[in-house]
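coords-v3.cif, holding mmCIF, C-alpha atoms:
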data_protein
loop_
_atom_site.label_atom_id
_atom_site.label_comp_id
_atom_site.auth_asym_id
_atom_site.auth_seq_id
_atom_site.Cartn_x
_atom_site.Cartn_y
_atom_site.Cartn_z
CA MET A 1 -10.75 -7.39 -0.08
CA ARG A 2 -7.83 -9.07 1.68
CA THR A 3 -7.57 -12.43 3.44
CA LEU A 4 -5.81 -12.33 6.80
CA VAL A 5 -4.32 -15.63 7.99
CA ILE A 6 -4.39 -15.97 11.78
CA GLN A 7 -2.01 -18.42 13.46
CA ALA A 8 -2.67 -19.97 16.88
CA ARG A 9 0.19 -21.53 18.87
CA GLU A 10 0.52 -23.09 22.32
CA ARG A 11 4.06 -22.96 23.68
CA GLY A 12 5.26 -22.41 20.13
CA GLU A 13 3.50 -25.49 18.74
CA VAL A 14 0.33 -26.09 16.73
CA PRO A 15 -2.43 -26.71 19.30
CA ALA A 16 -3.23 -30.40 19.70
CA ARG A 17 -6.74 -29.69 20.99
CA PRO A 18 -9.53 -28.18 18.88
CA LEU A 19 -9.77 -24.42 19.25
CA SER A 20 -11.77 -21.56 17.81
CA ILE A 21 -10.77 -17.94 17.23
CA LEU A 22 -12.98 -15.11 18.45
CA VAL A 23 -12.58 -12.07 16.21
CA ALA A 24 -13.68 -8.80 17.83
CA TRP A 25 -13.61 -5.38 16.16
CA TYR A 26 -12.53 -2.16 17.87
CA ASP A 27 -12.80 1.41 16.61
CA ALA A 28 -9.99 3.94 16.13
CA ALA A 29 -10.19 4.86 19.83
CA MET A 30 -9.77 1.14 20.68
CA GLY A 31 -13.31 0.76 22.00
CA PHE A 32 -15.27 -2.44 21.30
CA THR A 33 -17.81 -1.88 18.53
CA GLY A 34 -19.99 -4.90 19.34
CA GLU A 35 -19.05 -6.57 16.05
CA MET A 36 -17.56 -10.03 16.45
CA THR A 37 -17.47 -13.46 14.86
CA VAL A 38 -16.08 -16.91 15.63
CA LEU A 39 -13.75 -18.69 13.21
CA PRO A 40 -12.93 -22.41 13.34
CA MET A 41 -9.24 -23.25 13.58
CA SER A 42 -7.92 -25.71 11.01
CA ALA A 43 -5.66 -28.67 11.76
CA ASP A 44 -2.55 -26.60 11.00
CA GLY A 45 -3.48 -24.03 13.64
CA THR A 46 -4.69 -21.30 11.30
CA ALA A 47 -7.92 -19.48 10.54
CA GLU A 48 -8.72 -17.10 7.69
CA LEU A 49 -10.52 -13.77 8.00
CA GLU A 50 -11.73 -11.81 4.98
CA ILE A 51 -11.36 -8.06 5.46
CA ARG A 52 -13.13 -5.53 3.26
CA GLY A 53 -12.41 -1.83 3.09
CA GLU A 54 -15.89 -0.31 3.22
CA ALA A 55 -15.10 3.17 4.52
CA ALA A 56 -11.98 5.25 5.02
CA GLY A 57 -10.53 5.21 8.53
CA TYR A 58 -8.81 3.11 11.19
CA ARG A 59 -10.04 0.09 13.10
CA HIS A 60 -8.54 -2.80 15.00
CA VAL A 61 -9.35 -6.50 15.13
CA ARG A 62 -8.56 -8.57 18.22
CA PHE A 63 -8.06 -12.35 18.25
CA ILE A 64 -8.90 -14.59 21.22
CA ALA A 65 -8.35 -18.35 21.00
CA PHE A 66 -10.68 -20.49 23.11
CA ALA A 67 -11.78 -24.10 23.57
CA GLY A 68 -15.34 -25.37 23.81
CA ASP A 69 -18.59 -23.87 22.59
CA ALA A 70 -18.87 -20.81 24.84
CA ALA A 71 -17.10 -17.83 23.28
CA PRO A 72 -15.49 -15.35 25.69
CA VAL A 73 -16.89 -11.84 26.05
CA PRO A 74 -14.58 -9.25 24.45
CA PRO A 75 -13.42 -6.56 26.88
CA PRO A 76 -14.65 -3.00 26.26
CA GLY A 77 -11.17 -1.71 25.49
CA LEU A 78 -8.09 -2.89 23.64
CA ARG A 79 -4.74 -3.19 25.44
CA ILE A 80 -1.85 -2.67 23.06
CA ASP A 81 0.69 -4.19 25.48
CA THR A 82 -0.87 -7.62 25.98
CA ASP A 83 -3.71 -8.19 23.49
CA GLN A 84 -3.26 -10.00 20.19
CA PHE A 85 -4.62 -7.79 17.42
CA SER A 86 -4.07 -6.27 14.00
CA SER A 87 -4.76 -2.71 12.90
CA VAL A 88 -6.56 -2.05 9.64
CA ARG A 89 -6.30 1.23 7.76
CA THR A 90 -8.63 1.90 4.85
CA LEU A 91 -7.63 4.79 2.60
CA PRO A 92 -10.15 6.95 0.74
CA PHE A 93 -11.11 5.43 -2.60
CA ASP A 94 -11.39 8.87 -4.27
CA ASP A 95 -13.92 7.53 -6.77
CA PRO A 96 -16.11 10.68 -6.53
CA LEU A 97 -13.07 12.86 -7.29
CA GLU A 98 -12.28 10.82 -10.38
CA ALA A 99 -15.89 10.81 -11.57
CA ALA A 100 -16.25 14.57 -11.10
CA THR A 101 -13.04 15.47 -12.95
CA SER A 102 -13.43 15.94 -16.68
CA ASP A 103 -10.56 15.61 -19.14
CA GLU A 104 -10.57 19.39 -19.53
CA ALA A 105 -10.03 19.81 -15.78
CA LEU A 106 -7.29 17.18 -15.72
CA THR A 107 -4.47 19.69 -16.06
CA TRP A 108 -0.86 19.27 -15.02
CA GLN A 109 -1.39 21.51 -11.99
CA PHE A 110 -4.38 19.42 -10.89
CA VAL A 111 -2.46 16.14 -11.22
CA TYR A 112 0.59 17.44 -9.40
CA SER A 113 -1.36 19.10 -6.55
CA ASN A 114 -3.75 16.20 -5.96
CA ILE A 115 -1.57 13.17 -6.73
CA LEU A 116 2.13 13.61 -7.42
CA ALA A 117 3.01 16.26 -4.83
CA THR A 118 2.73 13.73 -1.99
CA TYR A 119 5.27 11.36 -3.53
CA ASP A 120 7.50 14.23 -4.61
CA ALA A 121 7.70 15.20 -0.92
CA ILE A 122 8.17 11.76 0.66
CA ALA A 123 10.53 10.35 -1.98
CA PRO A 124 12.89 13.19 -2.98
CA ARG A 125 15.47 10.71 -4.27
CA MET A 126 13.00 9.87 -7.03
CA SER A 127 14.04 13.14 -8.69
CA THR A 128 17.32 11.48 -9.73
CA ILE A 129 15.23 9.21 -11.97
CA ILE A 130 12.20 11.36 -12.76
CA ASP A 131 11.39 14.75 -11.28
CA LEU A 132 7.72 14.48 -10.34
CA ALA A 133 7.50 18.27 -10.16
CA ASP A 134 8.63 18.59 -13.79
CA GLU A 135 5.69 18.50 -16.20
CA ASP A 136 7.86 17.68 -19.22
CA ALA A 137 9.54 14.78 -17.38
CA VAL A 138 6.21 13.32 -16.28
CA ARG A 139 4.80 13.58 -19.80
CA THR A 140 7.92 11.89 -21.20
CA PHE A 141 7.53 9.03 -18.72
CA ALA A 142 3.74 8.79 -19.16
CA ARG A 143 3.82 5.26 -20.58
CA ARG A 144 6.10 3.94 -17.84
CA LEU A 145 4.09 5.69 -15.12
CA LYS A 146 1.01 3.83 -16.31
CA GLU A 147 2.86 0.53 -16.36
CA VAL A 148 4.42 0.67 -12.88
CA THR A 149 1.20 1.93 -11.23
CA ALA A 150 -1.00 -0.73 -12.85
CA ALA A 151 -3.34 -2.40 -10.36
CA GLU A 152 -2.26 -5.88 -11.45
CA LEU A 153 1.28 -5.15 -10.21
CA PHE A 154 0.11 -4.26 -6.70
CA GLU A 155 1.72 -7.32 -5.07
CA SER A 156 4.88 -7.04 -7.17
CA ARG A 157 8.13 -5.34 -6.18
CA ARG A 158 7.84 -3.36 -9.42
CA TYR A 159 4.70 -1.55 -8.26
CA MET A 160 4.90 2.15 -7.50
CA PRO A 161 4.45 3.87 -5.19
CA VAL A 162 6.04 1.36 -2.83
CA THR A 163 3.90 2.74 0.00
CA ARG A 164 0.84 1.18 -1.72
CA ASP A 165 -1.30 4.19 -0.78
CA LEU A 166 -2.33 5.44 -4.21
CA SER A 167 -6.13 5.17 -4.23
CA CYS A 168 -8.10 3.63 -7.08
CA GLY A 169 -9.63 6.98 -7.99
CA LYS A 170 -6.31 8.83 -8.07
CA ARG A 171 -4.69 5.99 -10.01
CA GLU A 172 -7.40 6.29 -12.64
CA LEU A 173 -6.91 10.07 -12.78
CA LEU A 174 -3.15 9.63 -13.24
CA HIS A 175 -3.70 7.05 -15.98
CA ARG A 176 -6.15 9.34 -17.76
CA PHE A 177 -3.63 12.17 -17.62
CA CYS A 178 -0.98 9.86 -19.05
CA ASP A 179 -3.33 8.78 -21.85
CA LEU A 180 -4.00 12.41 -22.72
CA ALA A 181 -0.28 13.17 -22.68
CA LEU A 182 0.50 10.21 -24.93
CA ALA A 183 -2.29 11.13 -27.34
CA ALA A 184 -1.08 14.72 -27.56
CA SER A 185 2.58 13.84 -27.96
CA PRO A 186 3.47 10.18 -28.63
CA PRO A 187 6.95 9.12 -27.41
CA LYS A 188 9.64 10.15 -29.87
CA GLU A 189 11.77 7.44 -31.39
CA GLY A 190 15.10 7.20 -29.62
CA VAL A 191 13.91 8.90 -26.43
CA ALA A 192 14.49 6.55 -23.52
CA ALA A 193 11.73 6.40 -20.93
CA ASP A 194 12.46 3.04 -19.37
CA GLY A 195 14.64 4.13 -16.47
CA LEU A 196 11.72 4.37 -14.05
CA ASP A 197 11.91 0.67 -13.23
CA SER A 198 15.53 -0.09 -14.00
CA ALA A 199 18.59 0.05 -11.79
CA HIS A 200 19.78 3.59 -11.33
CA GLU A 201 23.45 4.17 -10.69
CA THR A 202 24.61 7.07 -8.56
CA PRO A 203 28.20 8.14 -7.90
CA GLU A 204 29.82 6.46 -4.90
CA PRO A 205 30.01 9.08 -2.09
CA ALA A 206 33.34 10.03 -0.64
CA ALA A 207 34.41 8.21 2.52
CA GLY A 208 33.63 11.22 4.69
CA GLU A 209 30.11 11.51 3.25
CA ARG A 210 28.99 7.90 3.72
CA LEU A 211 26.67 7.01 6.56
CA PRO A 212 28.24 4.86 9.30
CA GLY A 213 27.86 1.18 8.45
CA ALA A 214 26.67 1.82 4.89
CA PRO A 215 28.06 -0.86 2.51
CA VAL A 216 30.47 0.35 -0.13
CA GLY A 217 29.79 -0.37 -3.79
CA GLU A 218 26.29 -1.77 -3.31
CA PRO A 219 23.35 -0.18 -5.16
CA PHE A 220 20.58 1.37 -3.11
CA ASP A 221 17.13 0.01 -3.87
CA LYS A 222 14.22 1.21 -1.74
CA ARG A 223 11.60 -0.82 -3.57
CA ALA A 224 9.60 -3.42 -1.68
CA LEU A 225 10.97 -6.94 -1.88
CA SER A 226 8.86 -9.56 -3.59
#
Write-out of the structure in structure tokens:
Amino acid sequence: MRTLVIQARERGEVPARPLSILVAWYDAAMGFTGEMTVLPMSADGTAELEIRGEAAGYRHVRFIAFAGDAAPVPPPGLRIDTDQFSSVRTLPFDDPLEAATSDEALTWQFVYSNILATYDAIAPRMSTIIDLADEDAVRTFARRLKEVTAAELFESRRYMPVTRDLSCGKRELLHRFCDLALAASPPKEGVAADGLDSAHETPEPAAGERLPGAPVGEPFDKRALS
């Protein structure tokens, strides 16, 4: 569940008159679903909406501020050029996949094909720190992989993946694989496996290889800011 804070402004200022916010839901095709509710606006011009991810898919929520007791009727369609709205994407939870996968079936090939391959493709620079396609590297970094993908770090800049799209079920599968790897081969003394969340230095590219406008001598960090 997430709490969405809605701000209402009139000519850039907090409304002086009492207003309410009509919240209307639209489906992926931007058609009105018939679901709506009215939220009271607080003195600071905000209202809070609790959003729950109940099923995978896309939907949109439109906001209409109004005065008085009579709520406006939401239009049948959503206009992306003029309407005030937010889009909500709910990813699959993958709980059935996790529940149906035994430890015996939790092989390296299964974990790479179903979990790591996506991030190996969209974040190739990650291979300079840990090659997600390398079974030995992933097993070596098993402890750190568990730490940086922990659910309690979700709002932290340290959380991985930075795209925040690793489902609960796949996170649990990855953690189980890491536990099995650690049980089979505990980290050897003197083997460093802490680089996954530390600054990683790369050689400064030659002048002719730098992108236009790229700062010189500054480390590249693609992680989300806190």
Next on the checklist: Here is a test: counting only C-alpha atoms, which residue of A:Phe93, A:Trp25, A:Phe85, A:Tyr119 is nearest to Ala55 (chain A)?
Outcome noted: A:Phe93
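Note that the spacing between CA of Cys178 (chain A) and CA of Asp131 (chain A) amounts to 15.4 Å.
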Checklist entry - With all atoms listed in the file as the atoms that count, which of A:Ser156, A:Thr149, A:Ser42, A:Thr37 lies nearest to Val73 (chain A)? => result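 Checking each candidate against Val73 (chain A), we get A:Thr37 as the closest.
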Next on the checklist: Can you translate the PyMOL selection byres ((chain A and resi 76) around 7) into the concrete residues it hits in this file, as a list in words?
Outcome noted: Gly31, Phe32, Pro74, Pro75 and Gly77 of chain A
Item to check | the PyMOL selection byres ((chain A and resi 114) around 12) applied to the shown file, residues as a PyMOL selection string | outcome: chain A and resi 94+97-98+101+106-113+115-120+166-167+169-171+173-174
Item to check | Distance of CA of Leu22 (chain A) from CA of Ala71 (chain A), expressed in Å to one decimal place | outcome: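 Distance between the two atoms: 6.9 Å.
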Next on the checklist: Please report the interatomic distance between CA of Ala28 (chain A) and CA of Arg62 (chain A) in Å with one decimal.
Outcome noted: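 Answer for the CA of Ala28 (chain A) to CA of Arg62 (chain A) separation: 12.8 Å.
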Please provide the set of residues having any atom within 7 Å of Phe66 (chain A), restricted to all atoms listed in the file, with same-chain residues fewer than 3 positions apart removed, written as a CSV table (one decimal) with C-alpha atoms, in the coordinates of the input.
chain,number,residue,atom,x,y,z
A,19,LEU,CA,-9.8,-24.4,19.2
A,20,SER,CA,-11.8,-21.6,17.8
A,21,ILE,CA,-10.8,-17.9,17.2
A,71,ALA,CA,-17.1,-17.8,23.3
Checklist entry - Do you know which residues the PyMOL selection byres ((chain A and resi 123) around 12) returns on this file, as a ChimeraX atom specification? => result /A:116-122,124-133,160-163,222-223
May I have the residues from that selection written out with C-alpha atoms, as an mmCIF file, in the coordinates of the input?
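Dumped everything to again_35.cif:
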data_model
loop_
_atom_site.group_PDB
_atom_site.id
_atom_site.type_symbol
_atom_site.label_atom_id
_atom_site.label_comp_id
_atom_site.auth_asym_id
_atom_site.auth_seq_id
_atom_site.Cartn_x
_atom_site.Cartn_y
_atom_site.Cartn_z
ATOM 1 C CA LEU A 116 2.130 13.610 -7.420
ATOM 2 C CA ALA A 117 3.010 16.260 -4.830
ATOM 3 C CA THR A 118 2.730 13.730 -1.990
ATOM 4 C CA TYR A 119 5.270 11.360 -3.530
ATOM 5 C CA ASP A 120 7.500 14.230 -4.610
ATOM 6 C CA ALA A 121 7.700 15.200 -0.920
ATOM 7 C CA ILE A 122 8.170 11.760 0.660
ATOM 8 C CA PRO A 124 12.890 13.190 -2.980
ATOM 9 C CA ARG A 125 15.470 10.710 -4.270
ATOM 10 C CA MET A 126 13.000 9.870 -7.030
ATOM 11 C CA SER A 127 14.040 13.140 -8.690
ATOM 12 C CA THR A 128 17.320 11.480 -9.730
ATOM 13 C CA ILE A 129 15.230 9.210 -11.970
ATOM 14 C CA ILE A 130 12.200 11.360 -12.760
ATOM 15 C CA ASP A 131 11.390 14.750 -11.280
ATOM 16 C CA LEU A 132 7.720 14.480 -10.340
ATOM 17 C CA ALA A 133 7.500 18.270 -10.160
ATOM 18 C CA MET A 160 4.900 2.150 -7.500
ATOM 19 C CA PRO A 161 4.450 3.870 -5.190
ATOM 20 C CA VAL A 162 6.040 1.360 -2.830
ATOM 21 C CA THR A 163 3.900 2.740 0.000
ATOM 22 C CA LYS A 222 14.220 1.210 -1.740
ATOM 23 C CA ARG A 223 11.600 -0.820 -3.570
#
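Nearest residue to Asp27 (chain A), choosing from A:Phe154, A:Phe177, A:Tyr58, A:Phe63 and counting only C-alpha atoms: A:Tyr58.
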Checklist entry - In file coordinates, which residues lie within 8 Å of (-17.2, -6.2, 15.1) using only C-alpha atoms, given as a ChimeraX atom specification? => result /A:23-26,32-37,61
Report as AutoDock Vina command-line options the centre and the edge lengths, in Å to one decimal, of the axis-aligned box holding every listed atom of region 32-51 of chain A, padded by 3 Å on each side.
--center_x -11.3 --center_y -15.3 --center_z 13.1 --size_x 23.4 --size_y 32.8 --size_z 22.3
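By only C-alpha atoms, and with residues fewer than 6 positions from Arg52 (chain A) along its chain excluded, the set lying at most 10 Å from it is Met1, Arg2, Thr3, Val88 and Thr90 of chain A.
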Checklist entry - Hey, what's within 10 Å of Gln7 (chain A) if we count all atoms listed in the file and toss same-chain stuff fewer than 5 positions away? As a list in words, please? => result Val14, Ile21, Met41, Ser42, Asp44, Gly45, Thr46, Ala47, Glu48, Phe63 and Ala65 of chain A
Give me a file of those residues, with C-alpha atoms, as an mmCIF file, in the coordinates of the input.
data_model
loop_
_atom_site.group_PDB
_atom_site.id
_atom_site.type_symbol
_atom_site.label_atom_id
_atom_site.label_comp_id
_atom_site.auth_asym_id
_atom_site.auth_seq_id
_atom_site.Cartn_x
_atom_site.Cartn_y
_atom_site.Cartn_z
ATOM 1 C CA VAL A 14 0.330 -26.090 16.730
ATOM 2 C CA ILE A 21 -10.770 -17.940 17.230
ATOM 3 C CA MET A 41 -9.240 -23.250 13.580
ATOM 4 C CA SER A 42 -7.920 -25.710 11.010
ATOM 5 C CA ASP A 44 -2.550 -26.600 11.000
ATOM 6 C CA GLY A 45 -3.480 -24.030 13.640
ATOM 7 C CA THR A 46 -4.690 -21.300 11.300
ATOM 8 C CA ALA A 47 -7.920 -19.480 10.540
ATOM 9 C CA GLU A 48 -8.720 -17.100 7.690
ATOM 10 C CA PHE A 63 -8.060 -12.350 18.250
ATOM 11 C CA ALA A 65 -8.350 -18.350 21.000
#
Checklist entry - Of the residues A:Arg9, A:Arg59, A:Arg89, A:Arg139, which is the one nearest to Asp179 (chain A), using only C-alpha atoms? => result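 Closest to Asp179 (chain A) of all the choices is A:Arg139.
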